[in-house]
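Have a look at entry.txt below; it lists compact mmCIF, C-alpha atoms and all ligand atoms.
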# COMPACT_ATOMS: atom_id res chain seq x y z
CA MET A 315 -8.98 15.59 -8.50
CA LYS A 316 -7.28 12.61 -10.12
CA VAL A 317 -5.66 9.78 -8.13
CA VAL A 318 -2.49 8.14 -9.40
CA THR A 319 -0.90 5.26 -7.52
CA LEU A 320 2.75 4.36 -7.99
CA THR A 321 4.02 0.80 -7.51
CA ILE A 322 7.71 0.77 -8.28
CA ASN A 323 8.12 -2.87 -7.23
CA PRO A 324 5.01 -4.72 -8.46
CA ALA A 325 4.58 -8.47 -8.44
CA LEU A 326 2.54 -11.20 -9.96
CA ASP A 327 1.33 -13.12 -6.91
CA LYS A 328 0.86 -16.82 -7.58
CA SER A 329 -0.81 -19.04 -5.01
CA ALA A 330 -1.42 -22.76 -4.77
CA GLN A 331 -2.67 -25.42 -2.36
CA VAL A 332 -0.96 -28.66 -1.32
CA GLU A 333 -2.41 -31.53 0.71
CA GLU A 334 0.53 -31.40 3.12
CA MET A 335 3.84 -29.53 3.17
CA THR A 336 6.57 -32.17 3.43
CA PRO A 337 10.27 -31.98 2.47
CA PHE A 338 11.89 -33.86 -0.45
CA ASP A 339 8.64 -35.12 -2.07
CA LYS A 340 7.47 -33.44 -5.21
CA LEU A 341 4.29 -31.82 -3.91
CA GLU A 342 1.25 -31.69 -6.13
CA CYS A 343 -0.10 -28.15 -6.34
CA ASN A 344 -3.79 -27.41 -6.95
CA ASN A 345 -6.03 -24.36 -7.21
CA ILE A 346 -3.39 -22.18 -8.88
CA THR A 347 -4.46 -18.54 -8.87
CA TYR A 348 -2.77 -15.31 -9.92
CA HIS A 349 -3.30 -11.91 -8.31
CA PRO A 350 -1.82 -8.50 -9.02
CA GLY A 351 0.52 -7.54 -6.16
CA GLY A 352 2.25 -4.46 -4.76
CA GLY A 353 1.27 -1.53 -2.54
CA GLY A 354 -0.04 1.00 -5.07
CA ILE A 355 -1.74 -1.71 -7.12
CA ASN A 356 -3.60 -2.95 -4.05
CA ILE A 357 -4.69 0.60 -3.25
CA SER A 358 -6.02 1.11 -6.80
CA ARG A 359 -7.97 -2.16 -6.52
CA VAL A 360 -9.64 -1.17 -3.25
CA LEU A 361 -10.36 2.34 -4.58
CA HIS A 362 -12.08 0.71 -7.56
CA ARG A 363 -14.28 -1.30 -5.17
CA LEU A 364 -15.10 2.00 -3.43
CA GLY A 365 -16.19 3.51 -6.75
CA ILE A 366 -13.09 5.70 -7.20
CA GLU A 367 -11.16 5.26 -10.44
CA SER A 368 -7.41 5.80 -10.18
CA ASN A 369 -4.54 5.47 -12.61
CA CYS A 370 -2.31 2.61 -11.59
CA LEU A 371 1.27 3.45 -12.61
CA PHE A 372 4.04 0.86 -12.56
CA PRO A 373 6.93 -0.56 -14.58
CA TYR A 374 6.48 -4.03 -16.05
CA GLY A 375 8.67 -6.51 -17.88
CA GLY A 376 8.46 -9.87 -19.64
CA LYS A 377 5.61 -12.38 -19.71
CA THR A 378 4.93 -12.01 -15.98
CA GLY A 379 4.64 -8.26 -16.44
CA GLU A 380 2.19 -8.68 -19.31
CA HIS A 381 0.15 -11.10 -17.21
CA LEU A 382 0.03 -8.54 -14.40
CA VAL A 383 -1.22 -5.84 -16.78
CA GLU A 384 -3.91 -8.20 -18.14
CA LEU A 385 -5.14 -9.13 -14.66
CA LEU A 386 -5.59 -5.47 -13.77
CA GLN A 387 -7.33 -4.68 -17.05
CA GLU A 388 -9.71 -7.60 -16.45
CA GLN A 389 -10.59 -5.92 -13.14
CA ASN A 390 -11.24 -2.66 -15.02
CA ILE A 391 -8.33 -0.87 -13.38
CA SER A 392 -6.91 1.95 -15.47
CA VAL A 393 -3.30 0.95 -16.09
CA LEU A 394 -0.45 3.40 -16.81
CA ALA A 395 2.33 0.88 -17.23
CA THR A 396 5.74 1.51 -18.73
CA PRO A 397 7.76 -1.39 -20.19
CA ILE A 398 11.23 -2.05 -18.77
CA SER A 399 13.92 -4.66 -19.42
CA ILE A 400 13.52 -6.34 -16.02
CA LEU A 401 11.20 -9.32 -15.67
CA THR A 402 8.35 -8.58 -13.24
CA ARG A 403 8.88 -10.77 -10.18
CA GLU A 404 6.51 -13.60 -9.39
CA ASN A 405 5.84 -14.15 -5.70
CA PHE A 406 4.56 -17.50 -4.51
CA ALA A 407 2.31 -18.58 -1.64
CA VAL A 408 1.40 -22.14 -0.69
CA PHE A 409 -1.56 -23.06 1.46
CA ASP A 410 -1.07 -26.28 3.42
CA ILE A 411 -4.53 -27.89 3.63
CA LYS A 412 -3.54 -30.21 6.49
CA THR A 413 -2.33 -27.52 8.90
CA GLY A 414 -4.21 -24.53 7.46
CA LEU A 415 -0.89 -22.65 7.37
CA GLN A 416 0.16 -20.38 4.54
CA PHE A 417 3.80 -20.19 3.38
CA ARG A 418 4.77 -17.05 1.48
CA PHE A 419 7.86 -16.59 -0.69
CA GLY A 420 8.89 -13.13 -1.90
CA MET A 421 11.22 -12.75 -4.86
CA PRO A 422 13.79 -9.98 -5.33
CA THR A 423 13.78 -7.56 -8.27
CA GLU A 424 16.84 -6.80 -10.39
CA PRO A 425 17.87 -3.13 -10.43
CA PHE A 426 16.46 -1.11 -13.35
CA LEU A 427 18.57 0.66 -15.90
CA GLU A 428 19.23 4.36 -15.31
CA LYS A 429 17.17 5.36 -18.35
CA GLU A 430 14.22 3.26 -17.11
CA MET A 431 14.21 5.15 -13.82
CA THR A 432 14.04 8.41 -15.77
CA GLN A 433 11.29 7.00 -17.97
CA ILE A 434 9.15 6.29 -14.88
CA GLU A 435 9.82 9.77 -13.46
CA GLU A 436 8.76 11.34 -16.74
CA LEU A 437 5.56 9.32 -16.84
CA ILE A 438 4.70 10.46 -13.31
CA ASN A 439 5.40 14.10 -14.15
CA LYS A 440 3.17 13.84 -17.17
CA SER A 441 0.37 12.09 -15.29
CA VAL A 442 -0.17 14.30 -12.24
CA THR A 443 -1.00 17.97 -11.96
CA THR A 444 -2.23 20.53 -9.38
CA ASN A 445 -4.54 19.09 -6.73
CA ASP A 446 -4.13 15.50 -7.97
CA ILE A 447 -3.22 12.83 -5.45
CA LEU A 448 -0.09 10.74 -5.99
CA VAL A 449 0.07 7.68 -3.77
CA ILE A 450 3.50 6.14 -3.32
CA SER A 451 3.31 2.79 -1.64
CA GLY A 452 5.61 -0.14 -1.08
CA SER A 453 9.30 -0.92 -1.08
CA LEU A 454 11.95 0.13 -3.57
CA PRO A 455 13.51 -2.67 -5.63
CA LYS A 456 17.08 -3.51 -4.68
CA GLY A 457 19.60 -1.22 -6.34
CA LEU A 458 17.42 1.85 -6.70
CA PRO A 459 18.83 4.90 -4.88
CA VAL A 460 17.34 5.41 -1.42
CA ASN A 461 16.27 8.93 -2.44
CA TYR A 462 14.38 7.77 -5.53
CA TYR A 463 10.90 8.52 -4.09
CA SER A 464 12.17 11.75 -2.61
CA LYS A 465 13.45 12.89 -5.99
CA ILE A 466 10.08 12.15 -7.60
CA ILE A 467 8.29 14.17 -4.92
CA LYS A 468 10.69 17.12 -5.20
CA ASN A 469 9.91 17.38 -8.90
CA LEU A 470 6.20 17.60 -8.08
CA ASN A 471 6.18 19.90 -5.08
CA SER A 472 6.04 23.08 -7.13
CA LYS A 473 2.94 21.70 -8.89
CA GLY A 474 0.88 21.42 -5.69
CA VAL A 475 0.29 17.67 -5.96
CA LYS A 476 -1.00 15.96 -2.81
CA VAL A 477 1.53 13.23 -2.08
CA VAL A 478 0.61 10.23 0.10
CA VAL A 479 3.41 7.91 1.21
CA ASP A 480 3.30 4.46 2.81
CA THR A 481 6.69 2.80 2.88
CA SER A 482 9.28 1.74 5.44
CA GLY A 483 12.96 1.85 6.36
CA PRO A 484 15.51 4.50 5.30
CA VAL A 485 13.42 5.31 2.19
CA PHE A 486 10.70 6.62 4.50
CA ASN A 487 13.12 8.90 6.38
CA GLU A 488 14.35 10.22 3.07
CA VAL A 489 10.88 11.29 1.80
CA LEU A 490 10.31 13.41 4.92
CA GLU A 491 12.57 16.02 3.31
CA ASN A 492 9.49 17.07 1.33
CA GLU A 493 6.11 18.55 2.13
CA LEU A 494 3.68 15.65 2.04
CA TYR A 495 -0.07 15.42 2.23
CA LEU A 496 -0.37 12.24 4.25
CA ILE A 497 1.86 9.49 5.61
CA LYS A 498 0.72 6.22 7.16
CA PRO A 499 3.38 4.61 9.32
CA ASN A 500 2.48 1.74 11.64
CA GLN A 501 3.82 1.93 15.21
CA LYS A 502 7.14 0.34 14.36
CA GLU A 503 7.64 2.54 11.30
CA LEU A 504 6.78 5.66 13.34
CA ALA A 505 9.37 4.74 15.96
CA ARG A 506 11.98 4.20 13.24
CA LEU A 507 11.19 7.61 11.77
CA ALA A 508 11.93 9.03 15.22
CA GLY A 509 15.18 7.01 15.35
CA LYS A 510 13.87 4.75 18.15
CA GLU A 511 13.09 1.06 18.64
CA SER A 512 9.72 1.73 20.27
CA GLN A 513 7.67 4.62 21.67
CA THR A 514 5.11 5.14 24.41
CA LYS A 515 1.64 6.36 23.44
CA GLU A 516 2.62 9.90 24.54
CA GLU A 517 5.80 9.81 22.47
CA GLN A 518 3.89 8.57 19.42
CA GLU A 519 1.36 11.38 19.69
CA ALA A 520 3.97 14.08 20.28
CA PHE A 521 6.14 12.92 17.40
CA ALA A 522 3.21 12.64 14.97
CA LEU A 523 1.97 16.13 15.96
CA LYS A 524 5.45 17.58 15.56
CA MET A 525 5.58 16.27 11.99
CA VAL A 526 2.35 18.16 11.33
CA THR A 527 3.54 21.43 12.90
CA ASP A 528 6.90 21.11 11.12
CA LYS A 529 4.92 20.85 7.86
CA ILE A 530 6.39 17.46 6.98
CA ALA A 531 2.87 16.14 6.41
CA LYS A 532 -0.59 17.65 6.68
CA TYR A 533 -1.91 14.39 8.10
CA VAL A 534 0.01 11.70 9.96
CA VAL A 535 -2.02 8.52 10.32
CA VAL A 536 -0.52 5.96 12.68
CA SER A 537 -2.02 2.52 12.33
CA LEU A 538 -2.19 0.43 15.49
CA GLY A 539 -3.15 -3.02 14.13
CA LYS A 540 -6.08 -4.52 16.06
CA ASP A 541 -6.38 -1.29 18.09
CA GLY A 542 -7.30 0.85 15.08
CA ALA A 543 -5.41 4.07 14.39
CA PHE A 544 -4.95 7.72 15.24
CA ILE A 545 -4.59 10.77 13.03
CA ALA A 546 -2.52 13.86 13.83
CA HIS A 547 -3.68 17.07 12.13
CA LYS A 548 -3.48 20.84 12.68
CA ASN A 549 -6.16 20.77 15.39
CA GLY A 550 -4.77 17.82 17.35
CA ILE A 551 -5.27 14.08 17.49
CA ASP A 552 -8.24 11.79 16.92
CA TYR A 553 -8.46 8.06 17.59
CA ILE A 554 -10.66 5.48 15.89
CA ALA A 555 -10.78 2.07 17.56
CA ALA A 556 -11.20 -1.04 15.41
CA PRO A 557 -14.31 -3.05 16.29
CA LYS A 558 -13.81 -6.58 17.64
CA ILE A 559 -14.06 -8.98 14.72
CA THR A 560 -12.75 -12.45 13.79
CA VAL A 561 -9.63 -11.96 11.72
CA LYS A 562 -9.09 -14.22 8.70
CA SER A 563 -5.89 -12.68 7.33
CA THR A 564 -4.19 -9.35 7.97
CA ILE A 565 -2.47 -9.33 4.55
CA GLY A 566 -3.29 -6.09 2.73
CA ALA A 567 -4.72 -4.34 5.81
CA GLY A 568 -2.30 -1.42 5.50
CA ASP A 569 -2.96 -0.94 1.76
CA SER A 570 -6.73 -1.17 2.23
CA MET A 571 -6.50 1.41 4.99
CA VAL A 572 -4.64 3.84 2.72
CA ALA A 573 -7.38 3.38 0.08
CA GLY A 574 -9.99 4.31 2.71
CA LEU A 575 -8.03 7.43 3.67
CA ILE A 576 -7.86 8.49 0.02
CA TYR A 577 -11.57 7.85 -0.37
CA GLY A 578 -12.12 10.24 2.56
CA THR A 579 -9.90 12.86 0.92
CA VAL A 580 -11.59 12.63 -2.47
CA LYS A 581 -15.00 12.92 -0.82
CA GLY A 582 -13.87 15.99 1.15
CA LYS A 583 -14.30 14.40 4.61
CA ASP A 584 -12.74 15.94 7.73
CA ALA A 585 -9.75 14.29 9.43
CA LYS A 586 -11.70 12.07 11.81
CA GLU A 587 -14.17 10.88 9.18
CA MET A 588 -11.31 10.21 6.79
CA LEU A 589 -9.72 8.05 9.49
CA ARG A 590 -13.01 6.24 10.07
CA TRP A 591 -13.00 5.19 6.41
CA GLY A 592 -9.35 4.20 6.69
CA VAL A 593 -9.96 2.00 9.71
CA ALA A 594 -13.12 0.51 8.18
CA CYS A 595 -11.17 -0.53 5.07
CA GLY A 596 -8.23 -1.86 7.12
CA VAL A 597 -10.56 -3.94 9.32
CA SER A 598 -12.47 -5.16 6.26
CA ALA A 599 -9.24 -6.45 4.71
CA THR A 600 -8.81 -8.70 7.74
CA LEU A 601 -12.25 -10.20 7.05
CA SER A 602 -11.06 -11.43 3.62
CA GLU A 603 -9.15 -14.68 3.11
CA GLY A 604 -5.43 -14.69 2.26
CA SER A 605 -4.24 -11.72 0.23
CA ASP A 606 -7.75 -10.68 -0.81
CA LEU A 607 -8.35 -7.03 0.10
CA ALA A 608 -11.25 -5.08 1.60
CA HIS A 609 -14.65 -5.66 -0.05
CA ILE A 610 -17.40 -3.05 -0.17
CA LYS A 611 -19.95 -5.32 1.60
CA ASN A 612 -17.67 -5.68 4.60
CA ILE A 613 -16.68 -2.01 4.55
CA GLU A 614 -20.34 -1.01 4.82
CA LYS A 615 -20.87 -3.47 7.69
CA VAL A 616 -17.75 -2.37 9.58
CA LEU A 617 -18.57 1.34 9.18
CA LYS A 618 -21.76 0.71 11.18
CA LEU A 619 -19.71 -0.81 14.02
CA ILE A 620 -17.31 2.14 14.35
N1 LIG B 1 -5.93 -7.79 13.91
C1 LIG B 1 -6.67 -6.77 13.47
N2 LIG B 1 -7.95 -6.60 13.89
C2 LIG B 1 -8.70 -5.57 13.44
N3 LIG B 1 -8.25 -4.64 12.60
C3 LIG B 1 -7.01 -4.75 12.13
C4 LIG B 1 -6.14 -5.82 12.53
N4 LIG B 1 -4.96 -5.66 11.89
C5 LIG B 1 -5.09 -4.56 11.12
N5 LIG B 1 -6.31 -4.00 11.26
C6 LIG B 1 -6.82 -2.80 10.60
O1 LIG B 1 -5.97 -2.43 9.51
C7 LIG B 1 -5.29 -1.20 9.80
C8 LIG B 1 -3.86 -1.28 9.32
O2 LIG B 1 -3.22 -2.34 9.98
P1 LIG B 1 -1.73 -2.28 10.55
O3 LIG B 1 -1.63 -1.27 11.62
O4 LIG B 1 -1.35 -3.68 10.88
O5 LIG B 1 -0.93 -1.71 9.29
P2 LIG B 1 0.42 -2.19 8.61
O6 LIG B 1 1.38 -2.66 9.66
O7 LIG B 1 0.85 -1.10 7.72
O8 LIG B 1 -0.09 -3.42 7.75
P3 LIG B 1 0.58 -4.11 6.50
O9 LIG B 1 1.30 -5.28 7.07
O10 LIG B 1 -0.58 -4.49 5.66
O11 LIG B 1 1.49 -3.10 5.85
C9 LIG B 1 -5.46 -0.97 11.29
O12 LIG B 1 -5.45 0.41 11.59
C10 LIG B 1 -6.82 -1.60 11.54
O13 LIG B 1 -7.84 -0.71 11.14
MG MG B 2 2.18 -1.14 6.06
Write out the structure in this file as structure tokens.
Amino acid sequence: MKVVTLTINPALDKSAQVEEMTPFDKLECNNITYHPGGGGINISRVLHRLGIESNCLFPYGGKTGEHLVELLQEQNISVLATPISILTRENFAVFDIKTGLQFRFGMPTEPFLEKEMTQIEELINKSVTTNDILVISGSLPKGLPVNYYSKIIKNLNSKGVKVVVDTSGPVFNEVLENELYLIKPNQKELARLAGKESQTKEEQEAFALKMVTDKIAKYVVVSLGKDGAFIAHKNGIDYIAAPKITVKSTIGAGDSMVAGLIYGTVKGKDAKEMLRWGVACGVSATLSEGSDLAHIKNIEKVLKLI
């Protein structure tokens, strides 16, 4: 069982520190660091820390794209990158030492060329086969058709690939046309899938279970932030509460959680145990500073608390 993660909108995440954020002055930046960014890429990185090697598939362009590929290779992540004409975006985060606040700036991506979209689809088709897991995570770059993910999944459905999706907005609604293995909406995303602004606990459970009985997904994992998560499966619903911990940064909690769920799948765990790994990885991400993800030391500690 091979795991392939897809990041259609990757980023090179640059971060820096300033003494104090003030307008007009030219601020001196220190401690410049670069990190690979994007949903699927984050998931591959956490899987690597869990001892599971995945293929990290994404398009890359220009010097920033090459830098991103290098960073992942340095971390011993197996990269399946395809070159495109669009420069990989560089996101920027500034940490203000005086206030301890972090300011994050996200950059847009130019639309790809038609033939580049096809090139990515072909690479995916070539890279996954029966019983493999394809993880689709993150947003679509501006200009890509809203059914882009859905089209990719349709092409794979006859192959019996286990497809995991974590995204948001209309793109998420679109992928539900297919038979999926697992989806991981948070509460807001779940409500949106149901066409609502918010849902009660009973409505959440009923809607998640209905997606399972309607064969939209085998597992629906709904993440509840500090409250943990629940999983809907063919035999009902299970909850795992997150232990009380001191949160450093919630960035990457969702991606780390998905990595934990995939770990559970690869290791053949049942639904509740799979969720326990998911929650442990999500919680562990909050114990790491900034955009750093879940670390194995914390995962082991948190597992004991659940
Ligand atoms: N404040 C918190 N305290 C403890 N655990 C947390 C907290 N926030 C997130 N987690 C853990 O991470 C998991 C995923 O978090 P969340 O529900 O916020 O997902 P998300 O909204 O998809 O996150 P992201 O913004 O990363 O996409 C939770 O189920 C929980 O296990
Ligand atoms: Mg999320």
- Item | Expected selection as a PyMOL selection string for ligand MG 2 (chain B) within 10 Å, all atoms listed in the file | chain A and resi 353+451-452+480-482+498-503+537+539+565-572
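Take CA of Val526 in chain A and atom N3 of ligand LIG 1 (chain B): the distance between them is 25.2 Å.
Distances from A:Phe417, A:Asn356, A:Asn461, A:Gln433 to ligand LIG 1 (chain B) were compared using all atoms listed in the file, and the smallest one belongs to A:Asn356.
What separates CA of Val442 in chain A from CA of Asp584 in chain A is a distance of 23.7 Å.
CA of Leu470 in chain A sits 19.4 Å away from CA of Leu458 in chain A.
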- Item | Within 10 Å of range 393-403 of chain A using only C-alpha atoms, minus same-chain residues under 2 positions, as a VMD selection string | chain A and resid 318 to 321 323 to 327 351 355 358 368 to 384 386 to 387 390 to 391 405 to 406 420 to 427 429 to 431 433 to 434 437 to 438 441
